[in-house]
Every structure is written in structure tokens, then in C-alpha cells.
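Text of the file run-v8.pdb, holding PDB, C-alpha atoms:
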```pdb
MODEL        1
ATOM      1  CA  MET U   1      94.206 -12.545 470.414  1.00  0.00           C
ATOM      2  CA  VAL U   2      94.226 -16.156 469.328  1.00  0.00           C
ATOM      3  CA  ASN U   3      97.272 -18.115 470.302  1.00  0.00           C
ATOM      4  CA  LYS U   4      98.925 -19.861 467.343  1.00  0.00           C
ATOM      5  CA  PHE U   5      99.566 -22.958 469.433  1.00  0.00           C
ATOM      6  CA  ASN U   6      95.857 -23.163 470.194  1.00  0.00           C
ATOM      7  CA  ILE U   7      95.091 -23.221 466.455  1.00  0.00           C
ATOM      8  CA  TRP U   8      97.722 -25.914 465.909  1.00  0.00           C
ATOM      9  CA  LYS U   9      96.166 -28.023 468.701  1.00  0.00           C
ATOM     10  CA  ARG U  10      92.743 -27.703 467.073  1.00  0.00           C
ATOM     11  CA  LEU U  11      94.103 -28.705 463.670  1.00  0.00           C
ATOM     12  CA  LYS U  12      95.979 -31.641 465.155  1.00  0.00           C
ATOM     13  CA  TYR U  13      92.796 -32.707 466.963  1.00  0.00           C
ATOM     14  CA  ILE U  14      90.838 -32.610 463.699  1.00  0.00           C
ATOM     15  CA  TYR U  15      93.541 -34.535 461.839  1.00  0.00           C
ATOM     16  CA  SER U  16      93.939 -37.210 464.512  1.00  0.00           C
ATOM     17  CA  ASN U  17      90.426 -37.679 465.884  1.00  0.00           C
ATOM     18  CA  LYS U  18      88.345 -37.051 462.766  1.00  0.00           C
ATOM     19  CA  PRO U  19      90.514 -38.414 459.952  1.00  0.00           C
ATOM     20  CA  TRP U  20      87.673 -39.344 457.589  1.00  0.00           C
ATOM     21  CA  HIS U  21      86.145 -35.890 457.864  1.00  0.00           C
ATOM     22  CA  ALA U  22      89.537 -34.232 457.432  1.00  0.00           C
ATOM     23  CA  ALA U  23      90.399 -36.392 454.420  1.00  0.00           C
ATOM     24  CA  PHE U  24      87.075 -36.298 452.557  1.00  0.00           C
ATOM     25  CA  THR U  25      84.357 -34.081 453.998  1.00  0.00           C
ATOM     26  CA  TYR U  26      86.288 -30.867 454.562  1.00  0.00           C
ATOM     27  CA  PRO U  27      88.155 -30.743 451.219  1.00  0.00           C
ATOM     28  CA  ILE U  28      85.089 -31.712 449.178  1.00  0.00           C
ATOM     29  CA  SER U  29      82.847 -29.232 450.984  1.00  0.00           C
ATOM     30  CA  TYR U  30      85.468 -26.494 450.515  1.00  0.00           C
ATOM     31  CA  ILE U  31      85.686 -27.188 446.789  1.00  0.00           C
ATOM     32  CA  PHE U  32      81.892 -27.250 446.443  1.00  0.00           C
ATOM     33  CA  LEU U  33      81.362 -24.072 448.481  1.00  0.00           C
ATOM     34  CA  SER U  34      84.124 -22.158 446.729  1.00  0.00           C
ATOM     35  CA  TYR U  35      82.763 -22.980 443.261  1.00  0.00           C
ATOM     36  CA  VAL U  36      79.271 -21.928 444.337  1.00  0.00           C
ATOM     37  CA  LEU U  37      80.762 -18.619 445.495  1.00  0.00           C
ATOM     38  CA  VAL U  38      82.703 -18.304 442.227  1.00  0.00           C
ATOM     39  CA  GLY U  39      79.435 -18.685 440.339  1.00  0.00           C
ATOM     40  CA  ILE U  40      77.680 -16.122 442.509  1.00  0.00           C
ATOM     41  CA  PHE U  41      80.512 -13.590 442.255  1.00  0.00           C
ATOM     42  CA  GLY U  42      80.770 -14.154 438.512  1.00  0.00           C
ATOM     43  CA  ALA U  43      77.033 -13.682 438.029  1.00  0.00           C
ATOM     44  CA  VAL U  44      77.003 -10.509 440.117  1.00  0.00           C
ATOM     45  CA  SER U  45      80.018  -9.167 438.233  1.00  0.00           C
ATOM     46  CA  ALA U  46      78.410  -9.970 434.870  1.00  0.00           C
ATOM     47  CA  SER U  47      75.159  -8.309 435.888  1.00  0.00           C
ATOM     48  CA  LEU U  48      77.132  -5.166 436.748  1.00  0.00           C
ATOM     49  CA  ASN U  49      78.816  -5.205 433.289  1.00  0.00           C
ATOM     50  CA  PHE U  50      82.146  -6.274 434.814  1.00  0.00           C
ATOM     51  CA  GLU U  51      82.729  -2.819 436.309  1.00  0.00           C
ATOM     52  CA  TYR U  52      83.898  -4.168 439.672  1.00  0.00           C
ATOM     53  CA  THR U  53      86.992  -6.190 438.935  1.00  0.00           C
ATOM     54  CA  PHE U  54      87.581  -7.086 442.574  1.00  0.00           C
ATOM     55  CA  LEU U  55      84.719  -9.598 442.272  1.00  0.00           C
ATOM     56  CA  ILE U  56      86.538 -11.237 439.388  1.00  0.00           C
ATOM     57  CA  TYR U  57      89.764 -11.290 441.423  1.00  0.00           C
ATOM     58  CA  ILE U  58      87.963 -12.880 444.365  1.00  0.00           C
ATOM     59  CA  SER U  59      86.483 -15.499 442.030  1.00  0.00           C
ATOM     60  CA  LEU U  60      89.867 -16.211 440.495  1.00  0.00           C
ATOM     61  CA  PHE U  61      91.465 -16.553 443.934  1.00  0.00           C
ATOM     62  CA  LEU U  62      88.748 -18.957 445.099  1.00  0.00           C
ATOM     63  CA  MET U  63      89.053 -21.011 441.915  1.00  0.00           C
ATOM     64  CA  LEU U  64      92.814 -21.319 442.212  1.00  0.00           C
ATOM     65  CA  SER U  65      92.705 -22.006 445.956  1.00  0.00           C
ATOM     66  CA  THR U  66      90.767 -25.221 445.358  1.00  0.00           C
ATOM     67  CA  TYR U  67      93.926 -26.671 443.817  1.00  0.00           C
ATOM     68  CA  LEU U  68      95.580 -26.356 447.223  1.00  0.00           C
ATOM     69  CA  THR U  69      93.275 -28.889 448.895  1.00  0.00           C
ATOM     70  CA  PRO U  70      95.745 -31.778 448.326  1.00  0.00           C
ATOM     71  CA  ILE U  71      98.134 -29.870 450.604  1.00  0.00           C
ATOM     72  CA  TRP U  72      95.513 -30.188 453.369  1.00  0.00           C
ATOM     73  CA  VAL U  73      95.421 -33.938 452.785  1.00  0.00           C
ATOM     74  CA  PHE U  74      99.227 -34.243 452.658  1.00  0.00           C
ATOM     75  CA  VAL U  75      99.497 -32.417 455.998  1.00  0.00           C
ATOM     76  CA  GLY U  76      96.955 -34.832 457.432  1.00  0.00           C
ATOM     77  CA  LEU U  77      99.011 -37.728 456.128  1.00  0.00           C
ATOM     78  CA  ILE U  78     102.051 -36.374 457.955  1.00  0.00           C
ATOM     79  CA  VAL U  79     100.392 -35.241 461.196  1.00  0.00           C
ATOM     80  CA  SER U  80      97.767 -37.912 461.848  1.00  0.00           C
ATOM     81  CA  ASN U  81      98.343 -41.324 463.317  1.00  0.00           C
ATOM     82  CA  LYS U  82      95.673 -42.825 461.069  1.00  0.00           C
ATOM     83  CA  LYS U  83      97.068 -42.826 457.537  1.00  0.00           C
ATOM     84  CA  LYS U  84      94.453 -44.864 455.645  1.00  0.00           C
ATOM     85  CA  PRO U  85      91.861 -42.082 455.068  1.00  0.00           C
ATOM     86  CA  TYR U  86      94.468 -39.666 453.737  1.00  0.00           C
ATOM     87  CA  ILE U  87      96.088 -42.201 451.422  1.00  0.00           C
ATOM     88  CA  LEU U  88      92.665 -43.231 450.123  1.00  0.00           C
ATOM     89  CA  SER U  89      91.686 -39.587 449.605  1.00  0.00           C
ATOM     90  CA  LEU U  90      94.866 -38.882 447.643  1.00  0.00           C
ATOM     91  CA  ILE U  91      94.437 -41.988 445.489  1.00  0.00           C
ATOM     92  CA  ILE U  92      90.808 -41.179 444.706  1.00  0.00           C
ATOM     93  CA  GLY U  93      91.372 -37.455 444.134  1.00  0.00           C
ATOM     94  CA  LEU U  94      94.481 -37.749 442.007  1.00  0.00           C
ATOM     95  CA  GLY U  95      93.077 -40.788 440.201  1.00  0.00           C
ATOM     96  CA  LEU U  96      89.943 -38.870 439.220  1.00  0.00           C
ATOM     97  CA  LEU U  97      92.105 -35.995 438.052  1.00  0.00           C
ATOM     98  CA  PHE U  98      94.209 -38.263 435.826  1.00  0.00           C
ATOM     99  CA  ILE U  99      91.074 -39.939 434.453  1.00  0.00           C
ATOM    100  CA  LEU U 100      89.663 -36.495 433.635  1.00  0.00           C
ATOM    101  CA  PHE U 101      92.881 -35.508 431.840  1.00  0.00           C
ATOM    102  CA  TYR U 102      92.845 -38.778 429.888  1.00  0.00           C
ATOM    103  CA  VAL U 103      89.202 -38.370 428.822  1.00  0.00           C
ATOM    104  CA  VAL U 104      89.828 -34.778 427.731  1.00  0.00           C
ATOM    105  CA  GLN U 105      92.854 -35.903 425.729  1.00  0.00           C
ATOM    106  CA  LEU U 106      90.811 -38.637 424.040  1.00  0.00           C
ATOM    107  CA  ALA U 107      87.932 -36.273 423.311  1.00  0.00           C
ATOM    108  CA  THR U 108      90.117 -33.577 421.766  1.00  0.00           C
ATOM    109  CA  VAL U 109      92.490 -35.694 419.663  1.00  0.00           C
ATOM    110  CA  ASN U 110      90.451 -35.180 416.478  1.00  0.00           C
ATOM    111  CA  LEU U 111      90.028 -31.432 416.922  1.00  0.00           C
ATOM    112  CA  GLU U 112      93.437 -30.589 415.494  1.00  0.00           C
ATOM    113  CA  VAL U 113      93.654 -28.105 412.634  1.00  0.00           C
ATOM    114  CA  LYS U 114      95.264 -29.680 409.597  1.00  0.00           C
TER     115      LYS U 114
ENDMDL
END
```
For the structure just supplied, provide its representation as C-alpha cells.
Amino acid sequence: MVNKFNIWKRLKYIYSNKPWHAAFTYPISYIFLSYVLVGIFGAVSASLNFEYTFLIYISLFLMLSTYLTPIWVFVGLIVSNKKKPYILSLIIGLGLLFILFYVVQLATVNLEVK
């Protein structure tokens, strides 16, 4: 059985000693890997005529779990002694999200039904 304090020590080690990996590499790789898996599960489910809905539920869970990656960065901001990578990661990630929302709003302003 794994001791919960041992897991906390490992997480704290990652946050404190590898802050750039914890702030950028791990969240980005998780998002990339989860969307690849979503595509694979969706393709398999579509090829089976959507008979197995648990594949769709797994895909939906993976898609929605990617929105929890800022929590990982916020925890790193709180736990780690080195704050700069986490602040920079939050600024870049949330800034890109707001830019995406703004571009979508600009692109869809003339699509209204009159």
C-alpha cells in the first residue's frame, strides 16, 4: 500500500525542484495526450456505430478533465518556493484562452439571424 505522505512528498519534490516542468511540460503533455486519447476513443466508438457508450463517457471525462489543469498550476504556485514559472504559466494559459474567446466572438458577430 502506498503511503499518502509519500505521494505528497513526491508532488512537493516535483513542484519545488522541477518548477518549469511542473508549470509547463506536465500540463501541456497531459492536455495533448488526453485529446489524442479522446480522438482514438471517439474513432473506435464511431467505428462500432456508437454501441459502447462507455467509450464516449471516457472521452467526455478526459475532455472535461483538461480544464482542471490550471488547478495543478495553482497548487504549484502555493506549494513551491519558486513562483515565477507558475505565474508565467497562468498568464500565458489564461491569456491564450481569453484571446481565443475574443477571436471567436469577433468571428461570429455577423452570424446572427435577423
Residue with smallest distance to Pro85 of chain U - pool U:Tyr35, U:Tyr57, U:Phe98, U:Trp20, counting only C-alpha atoms: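 Comparing U:Tyr35, U:Tyr57, U:Phe98, U:Trp20 against Pro85 of chain U, the winner is U:Trp20.
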Test item: which residues lie within 10 Å of (97.5, -32.8, 457.4) counting all atoms listed in the file, as a PyMOL selection string: chain U and resi 11-12+14-16+19+22-23+70-80+86
Residues matched by the PyMOL selection byres ((chain U and resi 56) around 10) as number ranges by chain: U: 38, 41-46, 50-55, 57-62
Point-to-point distance from atom CA of Asn17 of chain U to atom CA of Lys82 of chain U, Å rounded to tenths: 8.8 Å
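Closest approach to Met63 of chain U from the set U:Ser89, U:Ser34, U:Asn110, U:Tyr26 is made by U:Ser34, with distances taken over all atoms listed in the file.
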Straight-line distance linking atom CA of Tyr67 of chain U with atom CA of Gly93 of chain U, stated in Å to one decimal: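 A separation of 11.1 Å between them.
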Among listed residues U:Asn49, U:Lys83, U:Leu33, U:Ile91, nearest Thr66 of chain U (using only C-alpha atoms): U:Leu33
Computed interatomic separation between atom CA of Ile28 of chain U and atom CA of Ile40 of chain U (Å): 18.5 Å
